[in-house]
Every structure is written in structure tokens, then in C-alpha cells.
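Trainee: Questions regarding the structure given below will be posed in turn.
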Amino acid sequence: VLSHLKTYNLYYEGQNLQLRHREEEGELIFEGLLNIFWGLRRPIRLQMQDDHERIRPPPSSTSWHSGCNLDSQGSPNSADGQQVPQQSPPTVEVTPPDSHSEGNGLMEEQTEEDNEASAQLLRTKSDAGVLRRGQRRSPSDQRRIRRHRFSINGHFYNHKTAVFTPAYGSVTNVRINSCMTTPQVLRVLLNKFKIENSPDDFAIYLVHTSGERVKLKRSDYPLVLRVMQGPCEQVCKVFLMEEDLGEEVTYDVAQYIKFEMPVLQSFIIKLKEEEDREVQKLQRKYGI
């Protein structure tokens, strides 16, 4: 393992993906960031409250609740009401209050709706329902709504409809160590983004470029397996998938995945011909 770890750190020299290691009671322990790629097909739910208190509408337009920061770990806000700067994960970002996004024209549509008597809050792409309210909002309320609007992988929504599907193949990371098992890593990842779904709903897979896909067991150590597979993510990636939708693909099957259907059919014909020849040999041998 140590030789693989040295190769791993040499590959990521000068980057934050290098792993630190130490020995405890003769056992090698290493820790650091593990890249995990999103491979989900269904939406996931974000918690509607942080670790200590529930999200409530702020008393004024200048308030900004700490629970609105998806990546915060219960850290307080600054005294002037602005969010304390934090390092945003690769797939989740908080949209500035007055920023305008060109993606799908969602922010332009929101500006027009704020001027209408019956404003509406857009849900995520996976939940196309629209919540309408019949009263006109004051300018301060309109600013508050914009402050509570998030952008996750280009999808804008209000915190009251915190449901989204991460873009397939996008990457995030978690800080773990070599002693953490698969369920523990899942809990760390879900807690990082305040995801409400149970860890039992998900599984971690090693996905190879060849098409081979291996599901990690509950007793496996994801960081150890990542190091043993080598550092290059062009060869092997760690994916988060649904427990009931993910499917293992063996190496033997993976060899045929990328072939076109006519080629696969020709393989079947050749195998059938070979099988028939073997049957005829056996029939002649035993006089059947």
C-alpha cells in the first residue's frame, strides 16, 4: 500500500489531492480529499434546516440565514448580515443576491415575475410544479426572495423547494481517511451538502474506462481502494449512484459494451457455429 501511496502523491504533487500519512501502532493511516463523481438519476432532497435551527424568513431584507449556505457546517454569519465566505464545493454554489444568470433565462424570468401581481417561485427542473401566491410583494420581499434563490448545477430554485439532481459526471470531494468504511464515507458526503436522503439509498462504485463497474461493499475502505486503483481518473473514477439503480458490470462483459450491435451479432453467430461443430464432434464420437 505504501508504494501505491507514494505513486499517488507523486501524481498529484503540488495539488490538494495529495494524501498525508502516519503510523499508529504499526498501522499505516492516510487521509485527504477523495474525488467522487455524481452518477444519480433521481433528484435528491436537501435538508430544510441546519444542525441547530430551522430556516425561517428573515425579519428584514438585509438578513441572511446561515442555513441557506449549502456547504456551511453550522458556522455563523457576520454581524452586518452578509454571508461569511466559505470554500464552495465544485457542484454547489450560492448565487449572489443581485446577480443575473444567462442560463435558460431563469433570472430574467424571475425579474419579470416580481413585477407581476401574482408572483411565482420556480421549482427545480425535476419538480416542474409552480407555487403561486396572490398578493403583491413589497420591494423588500422581492429582494429577500432573490437572496434565498440558489444555483446548483445551473438549476435555480427557492430554498422551500430544495430538490435537485446533480449533473451526471460532475465532481465533488470529501475529506476522509483510510479507516473509514463505505457507509461512513456516504454519511460524510451527505452531511457535507445537508442531503436529507438516507445513506442506505446510495452506493459507491468504481467505474473503469473499459466499462467495468464494481460496487463497493459496506466493509470496503474507499480511500484505500482509490489508492490501489491508481491516481489517474481517466482510468478509474469513484461514482455515487442509487442503491437500486446501480448495476455491476464484470470485466468480461465490459469488453463487449462498446461494440456496435452488428459486431455483437457477428460474435453470436460465430459462437453458435463453434457450438454446433462441438456438438457434431460429440455425436460422431459416441455414435448418436
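Chain labels follow the order of the C-alpha cells: the first chain is A, the next B, and so on; residue numbering restarts at 1 in every chain, and ligands are counted from 1 in their shown order.
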Counting only C-alpha atoms, what are the residues of range 222-273 of chain A within 8 Å of range 159-179 of chain A, and for each of them which pair of atoms is the nearest and at what distance in Å, to one decimal? Sort the table by chain and rising number, as a Markdown table.

Mentor:
```
| residue | atom | partner | partner_atom | distance |
| --- | --- | --- | --- | --- |
| A:Pro222 | CA | A:Ser178 | CA | 7.5 |
| A:Leu223 | CA | A:Ser178 | CA | 5.4 |
| A:Val224 | CA | A:Ser178 | CA | 5.6 |
```

Trainee: Which residues are close to Thr182 in chain A, i.e. within 10 Å by only C-alpha atoms, leaving aside same-chain residues fewer than 5 positions away? Reply as JSON, numbers by chain.

Mentor: {"A": [187, 199, 203, 204, 216, 217, 218, 219, 220, 221, 222, 223]}

Trainee: Which neighbours of Val214 in chain A fall inside 12 Å, counting only C-alpha atoms, when residues of the same chain fewer than 2 positions from it are skipped, and could you give them as a VMD selection string?

Mentor: chain A and resid 203 to 208 210 to 212 216 to 217 220 222 225 229 236 to 241 246 to 251 254

Trainee: Which is closest to Asn35 in chain A among A:Leu10, A:Arg226, A:Ser138, A:Thr181, if we use only C-alpha atoms?

Mentor: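 Closest candidate: A:Arg226.
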
Trainee: Of the residues A:Met180, A:Gln15, A:Phe30, A:Val263, which is the one nearest to Val1 in chain A, using only C-alpha atoms?

Mentor: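 Of A:Met180, A:Gln15, A:Phe30, A:Val263, the one nearest Val1 in chain A is A:Phe30, counting only C-alpha atoms.
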
Trainee: Report, in Å with one decimal, the straight-line distance from CA of Thr209 in chain A to CA of Glu233 in chain A.

Mentor: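 Calculated distance between CA of Thr209 in chain A and CA of Glu233 in chain A is 8.9 Å.
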